[in-house]
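Engineer: Structure: final36.pdb, PDB, C-alpha atoms, pLDDT in the B column.
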```pdb
MODEL        1
ATOM      1  CA  MET A   1     127.662  67.194  89.866  1.00 46.00           C
ATOM      2  CA  ILE A   2     125.265  64.569  91.085  1.00 47.00           C
ATOM      3  CA  LYS A   3     124.500  66.664  94.169  1.00 50.00           C
ATOM      4  CA  MET A   4     123.725  69.664  91.977  1.00 47.00           C
ATOM      5  CA  ARG A   5     121.310  67.656  89.891  1.00 49.00           C
ATOM      6  CA  THR A   6     119.594  66.374  93.007  1.00 49.00           C
ATOM      7  CA  ILE A   7     119.238  69.896  94.376  1.00 51.00           C
ATOM      8  CA  ALA A   8     118.002  71.189  91.028  1.00 51.00           C
ATOM      9  CA  GLN A   9     115.487  68.371  90.756  1.00 55.00           C
ATOM     10  CA  LYS A  10     114.107  69.145  94.225  1.00 62.00           C
ATOM     11  CA  LYS A  11     113.369  72.774  93.376  1.00 65.00           C
ATOM     12  CA  LYS A  12     109.714  73.376  92.764  1.00 66.00           C
ATOM     13  CA  ILE A  13     108.809  75.038  89.498  1.00 68.00           C
ATOM     14  CA  ILE A  14     106.217  77.720  90.097  1.00 64.00           C
ATOM     15  CA  THR A  15     103.530  78.190  87.464  1.00 68.00           C
ATOM     16  CA  PRO A  16     100.898  80.926  87.425  1.00 59.00           C
ATOM     17  CA  GLU A  17      98.298  78.469  88.736  1.00 72.00           C
ATOM     18  CA  SER A  18     100.505  77.375  91.619  1.00 80.00           C
ATOM     19  CA  VAL A  19     101.327  81.010  92.471  1.00 84.00           C
ATOM     20  CA  SER A  20      97.635  81.854  92.741  1.00 86.00           C
ATOM     21  CA  GLN A  21      97.023  78.719  94.755  1.00 87.00           C
ATOM     22  CA  HIS A  22      99.976  79.511  97.019  1.00 85.00           C
ATOM     23  CA  ILE A  23      98.709  83.051  97.637  1.00 88.00           C
ATOM     24  CA  GLU A  24      95.234  81.751  98.420  1.00 89.00           C
ATOM     25  CA  GLU A  25      96.593  79.138 100.827  1.00 88.00           C
ATOM     26  CA  GLN A  26      98.848  81.641 102.605  1.00 88.00           C
ATOM     27  CA  TYR A  27      96.001  84.150 102.810  1.00 90.00           C
ATOM     28  CA  LYS A  28      93.854  81.572 104.588  1.00 90.00           C
ATOM     29  CA  LYS A  29      96.639  80.361 106.895  1.00 91.00           C
ATOM     30  CA  SER A  30      98.572  83.425 107.958  1.00 91.00           C
ATOM     31  CA  ARG A  31      97.243  86.564 109.632  1.00 92.00           C
ATOM     32  CA  GLU A  32     100.554  88.314 108.876  1.00 94.00           C
ATOM     33  CA  PHE A  33     100.321  87.375 105.191  1.00 92.00           C
ATOM     34  CA  ARG A  34      96.701  88.594 105.018  1.00 92.00           C
ATOM     35  CA  LYS A  35      97.670  91.926 106.536  1.00 93.00           C
ATOM     36  CA  ALA A  36     100.586  92.429 104.125  1.00 92.00           C
ATOM     37  CA  TYR A  37      98.516  91.290 101.137  1.00 92.00           C
ATOM     38  CA  ASP A  38      95.574  93.546 101.991  1.00 91.00           C
ATOM     39  CA  GLU A  39      97.876  96.544 102.486  1.00 89.00           C
ATOM     40  CA  GLU A  40      99.533  95.912  99.134  1.00 91.00           C
ATOM     41  CA  VAL A  41      96.186  95.612  97.355  1.00 91.00           C
ATOM     42  CA  LEU A  42      95.046  98.868  98.963  1.00 90.00           C
ATOM     43  CA  ASN A  43      98.252 100.624  97.854  1.00 89.00           C
ATOM     44  CA  LEU A  44      97.743  99.337  94.314  1.00 92.00           C
ATOM     45  CA  LYS A  45      94.142 100.540  94.243  1.00 92.00           C
ATOM     46  CA  ILE A  46      94.994 104.013  95.533  1.00 92.00           C
ATOM     47  CA  ALA A  47      97.905 104.491  93.130  1.00 93.00           C
ATOM     48  CA  TYR A  48      95.850 103.214  90.209  1.00 95.00           C
ATOM     49  CA  LYS A  49      92.860 105.422  91.036  1.00 95.00           C
ATOM     50  CA  ILE A  50      95.000 108.564  91.270  1.00 95.00           C
ATOM     51  CA  ALA A  51      96.693 107.892  87.924  1.00 96.00           C
ATOM     52  CA  GLN A  52      93.475 106.781  86.224  1.00 97.00           C
ATOM     53  CA  LEU A  53      91.474 109.832  87.272  1.00 97.00           C
ATOM     54  CA  ARG A  54      94.308 112.215  86.457  1.00 97.00           C
ATOM     55  CA  LYS A  55      94.547 110.772  82.944  1.00 97.00           C
ATOM     56  CA  GLN A  56      90.753 110.833  82.473  1.00 97.00           C
ATOM     57  CA  ARG A  57      90.825 114.526  83.331  1.00 97.00           C
ATOM     58  CA  HIS A  58      93.677 115.075  80.842  1.00 97.00           C
ATOM     59  CA  VAL A  59      95.886 116.566  83.544  1.00 97.00           C
ATOM     60  CA  THR A  60      99.653 116.067  83.628  1.00 98.00           C
ATOM     61  CA  GLN A  61     101.466 115.165  86.823  1.00 97.00           C
ATOM     62  CA  ARG A  62     103.027 118.624  86.791  1.00 98.00           C
ATOM     63  CA  GLU A  63      99.644 120.344  86.425  1.00 98.00           C
ATOM     64  CA  LEU A  64      98.124 118.268  89.218  1.00 97.00           C
ATOM     65  CA  ALA A  65     101.100 118.981  91.452  1.00 97.00           C
ATOM     66  CA  LYS A  66     100.667 122.715  90.914  1.00 98.00           C
ATOM     67  CA  LYS A  67      96.958 122.500  91.766  1.00 97.00           C
ATOM     68  CA  ILE A  68      97.624 120.861  95.134  1.00 97.00           C
ATOM     69  CA  GLY A  69     100.832 122.697  95.971  1.00 97.00           C
ATOM     70  CA  THR A  70     103.383 119.928  95.592  1.00 96.00           C
ATOM     71  CA  THR A  71     105.924 118.664  93.080  1.00 97.00           C
ATOM     72  CA  GLN A  72     105.576 116.476  90.012  1.00 97.00           C
ATOM     73  CA  GLN A  73     107.853 113.961  91.740  1.00 96.00           C
ATOM     74  CA  THR A  74     105.389 113.685  94.622  1.00 94.00           C
ATOM     75  CA  ILE A  75     102.521 112.965  92.228  1.00 96.00           C
ATOM     76  CA  SER A  76     104.693 110.357  90.530  1.00 95.00           C
ATOM     77  CA  ARG A  77     105.340 108.706  93.904  1.00 94.00           C
ATOM     78  CA  LEU A  78     101.636 108.746  94.748  1.00 94.00           C
ATOM     79  CA  GLU A  79     100.924 106.969  91.464  1.00 95.00           C
ATOM     80  CA  ASP A  80     103.581 104.339  92.222  1.00 92.00           C
ATOM     81  CA  SER A  81     102.133 101.569  94.398  1.00 83.00           C
ATOM     82  CA  GLU A  82     105.602 100.851  95.785  1.00 83.00           C
ATOM     83  CA  ASN A  83     105.732 104.287  97.405  1.00 74.00           C
ATOM     84  CA  THR A  84     102.138 104.965  98.342  1.00 66.00           C
ATOM     85  CA  LYS A  85     102.067 106.549 101.764  1.00 79.00           C
ATOM     86  CA  VAL A  86      99.205 108.941 101.289  1.00 88.00           C
ATOM     87  CA  THR A  87      97.238 110.820 103.920  1.00 91.00           C
ATOM     88  CA  VAL A  88      93.520 111.520 103.939  1.00 94.00           C
ATOM     89  CA  HIS A  89      94.405 115.212 103.700  1.00 95.00           C
ATOM     90  CA  THR A  90      96.351 114.600 100.473  1.00 94.00           C
ATOM     91  CA  LEU A  91      93.539 112.447  99.073  1.00 95.00           C
ATOM     92  CA  ALA A  92      91.083 115.260  99.836  1.00 96.00           C
ATOM     93  CA  LYS A  93      93.288 117.783  97.996  1.00 97.00           C
ATOM     94  CA  LEU A  94      93.592 115.397  95.039  1.00 97.00           C
ATOM     95  CA  ALA A  95      89.820 114.908  94.962  1.00 96.00           C
ATOM     96  CA  ILE A  96      89.217 118.652  94.841  1.00 97.00           C
ATOM     97  CA  ALA A  97      91.874 119.206  92.160  1.00 97.00           C
ATOM     98  CA  LEU A  98      90.512 116.356  90.026  1.00 97.00           C
ATOM     99  CA  LYS A  99      86.858 117.305  90.591  1.00 96.00           C
ATOM    100  CA  ALA A 100      86.127 114.004  92.270  1.00 96.00           C
ATOM    101  CA  LYS A 101      84.301 112.866  95.372  1.00 96.00           C
ATOM    102  CA  LEU A 102      86.445 111.252  98.054  1.00 95.00           C
ATOM    103  CA  SER A 103      84.764 108.238  99.614  1.00 94.00           C
ATOM    104  CA  ILE A 104      86.352 106.263 102.429  1.00 90.00           C
ATOM    105  CA  ASP A 105      84.571 103.223 103.750  1.00 88.00           C
ATOM    106  CA  LEU A 106      85.172 100.994 106.734  1.00 88.00           C
ATOM    107  CA  ILE A 107      83.799  97.549 106.018  1.00 87.00           C
ATOM    108  CA  PRO A 108      83.317  95.169 108.955  1.00 92.00           C
ATOM    109  CA  GLN A 109      85.261  91.931 108.688  1.00 80.00           C
ATOM    110  CA  GLU A 110      83.540  88.635 109.322  1.00 76.00           C
TER     111      GLU A 110
ENDMDL
END
```
Written as structure tokens, that's how I'd like the structure from this file.
Structural biologist:
Amino acid sequence: MIKMRTIAQKKKIITPESVSQHIEEQYKKSREFRKAYDEEVLNLKIAYKIAQLRKQRHVTQRELAKKIGTTQQTISRLEDSENTKVTVHTLAKLAIALKAKLSIDLIPQE
């Protein structure tokens, strides 16, 4: 039992502030972490934008799927940041169906 207490006492309790600090530190230190983090943020933004615009246009997933020639399940996956593997071609079809302008920008890194 004493060993268990020692192990439990050595575990670091993570608070929201330390999580943010940890992410910031890892982002600065690790190229691999930066790449993974940036990809995840991009996936989140794309999924969010698709869902947000679809809802603003009062279009169901099924209706949007029909407009671009796919299934409701595919639209659901596109709106799920865990599964976002979307092509420029698909984004262009979504933009047309949702009466939106597709803008892709390449921003130079420092």
Engineer: For the atom pair atom CA of Leu53 of chain A and atom CA of Leu98 of chain A, what is the interatomic distance in Å to one decimal place?
Structural biologist: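 Straight-line distance from atom CA of Leu53 of chain A to atom CA of Leu98 of chain A works out to 7.1 Å.
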Engineer: Tell me, in Å to one decimal, how far atom CA of Val41 of chain A is from atom CA of Lys29 of chain A.
Structural biologist: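 About the pair atom CA of Val41 of chain A and atom CA of Lys29 of chain A: they are 18.0 Å apart.
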Engineer: Please evaluate the PyMOL selection byres ((chain A and resi 51) around 12) against the displayed coordinates and give the resulting residues as a list of chain:residue names.
Structural biologist: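 With the PyMOL selection byres ((chain A and resi 51) around 12) on this model, the match is A:Leu44, A:Lys45, A:Ile46, A:Ala47, A:Tyr48, A:Lys49, A:Ile50, A:Gln52, A:Leu53, A:Arg54, A:Lys55, A:Gln56, A:Arg57, A:His58, A:Val59, A:Thr60, A:Gln61, A:Leu64, A:Ile75, A:Ser76, A:Arg77, A:Leu78, A:Glu79, A:Asp80, A:Ser81, A:Leu94, A:Leu98.
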Engineer: With a distance cut-off of 12 Å and all atoms listed in the file, select the neighbouring residues of Lys93 of chain A, excluding the residue or stretch itself and same-chain residues fewer than 3 positions from it, and output the selection as a PyMOL selection string.
Structural biologist: chain A and resi 50+64-70+75+86-90+96-102
Engineer: Atom CA of Ile107 of chain A to atom CA of Glu25 of chain A: how many Å, to one decimal?
Structural biologist: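 It comes out at 23.0 Å.
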Engineer: Can you sort out the box for segment 80-90 of chain A, edges along x, y and z, all listed atoms in, 8 Å on every side, with centre and edge lengths in Å to one decimal, as AutoDock Vina command-line options?
Structural biologist:
```
--center_x 99.6 --center_y 108.0 --center_z 98.1 --size_x 28.2 --size_y 30.4 --size_z 27.7
```
Engineer: Which one of A:Glu17, A:Leu91, A:Glu63, A:Lys35 sits closest to Ser103 of chain A if you count only C-alpha atoms?
Structural biologist: A:Leu91
Engineer: Would you output segment 85-97 of chain A from that structure, restricted to N, CA and C atoms, as a PDB file, in the first residue's frame?
Structural biologist:
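Once written, result05.pdb looks like this:
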```
ATOM      1  N   LYS A  85     -11.470  14.389 -44.008  1.00  0.00           N
ATOM      2  CA  LYS A  85     -10.519  14.182 -45.097  1.00  0.00           C
ATOM      3  C   LYS A  85     -11.241  14.689 -46.325  1.00  0.00           C
ATOM      4  N   VAL A  86     -11.182  15.973 -46.540  1.00  0.00           N
ATOM      5  CA  VAL A  86     -11.979  16.595 -47.584  1.00  0.00           C
ATOM      6  C   VAL A  86     -11.063  17.119 -48.687  1.00  0.00           C
ATOM      7  N   THR A  87     -11.521  16.970 -49.917  1.00  0.00           N
ATOM      8  CA  THR A  87     -10.738  17.445 -51.056  1.00  0.00           C
ATOM      9  C   THR A  87     -11.187  18.848 -51.446  1.00  0.00           C
ATOM     10  N   VAL A  88     -10.357  19.528 -52.213  1.00  0.00           N
ATOM     11  CA  VAL A  88     -10.719  20.843 -52.717  1.00  0.00           C
ATOM     12  C   VAL A  88     -11.948  20.711 -53.621  1.00  0.00           C
ATOM     13  N   HIS A  89     -12.010  19.645 -54.380  1.00  0.00           N
ATOM     14  CA  HIS A  89     -13.160  19.406 -55.257  1.00  0.00           C
ATOM     15  C   HIS A  89     -14.460  19.336 -54.440  1.00  0.00           C
ATOM     16  N   THR A  90     -14.430  18.610 -53.335  1.00  0.00           N
ATOM     17  CA  THR A  90     -15.617  18.505 -52.477  1.00  0.00           C
ATOM     18  C   THR A  90     -15.948  19.856 -51.857  1.00  0.00           C
ATOM     19  N   LEU A  91     -14.940  20.588 -51.411  1.00  0.00           N
ATOM     20  CA  LEU A  91     -15.179  21.922 -50.852  1.00  0.00           C
ATOM     21  C   LEU A  91     -15.816  22.840 -51.896  1.00  0.00           C
ATOM     22  N   ALA A  92     -15.362  22.735 -53.139  1.00  0.00           N
ATOM     23  CA  ALA A  92     -15.932  23.553 -54.214  1.00  0.00           C
ATOM     24  C   ALA A  92     -17.406  23.198 -54.436  1.00  0.00           C
ATOM     25  N   LYS A  93     -17.728  21.908 -54.417  1.00  0.00           N
ATOM     26  CA  LYS A  93     -19.127  21.487 -54.583  1.00  0.00           C
ATOM     27  C   LYS A  93     -19.981  21.977 -53.411  1.00  0.00           C
ATOM     28  N   LEU A  94     -19.430  21.905 -52.203  1.00  0.00           N
ATOM     29  CA  LEU A  94     -20.151  22.392 -51.025  1.00  0.00           C
ATOM     30  C   LEU A  94     -20.390  23.897 -51.130  1.00  0.00           C
ATOM     31  N   ALA A  95     -19.379  24.627 -51.576  1.00  0.00           N
ATOM     32  CA  ALA A  95     -19.512  26.079 -51.709  1.00  0.00           C
ATOM     33  C   ALA A  95     -20.633  26.430 -52.683  1.00  0.00           C
ATOM     34  N   ILE A  96     -20.672  25.750 -53.807  1.00  0.00           N
ATOM     35  CA  ILE A  96     -21.724  26.014 -54.790  1.00  0.00           C
ATOM     36  C   ILE A  96     -23.098  25.686 -54.196  1.00  0.00           C
ATOM     37  N   ALA A  97     -23.216  24.524 -53.578  1.00  0.00           N
ATOM     38  CA  ALA A  97     -24.500  24.089 -53.016  1.00  0.00           C
ATOM     39  C   ALA A  97     -24.982  25.008 -51.901  1.00  0.00           C
TER      40      ALA A  97
END
```
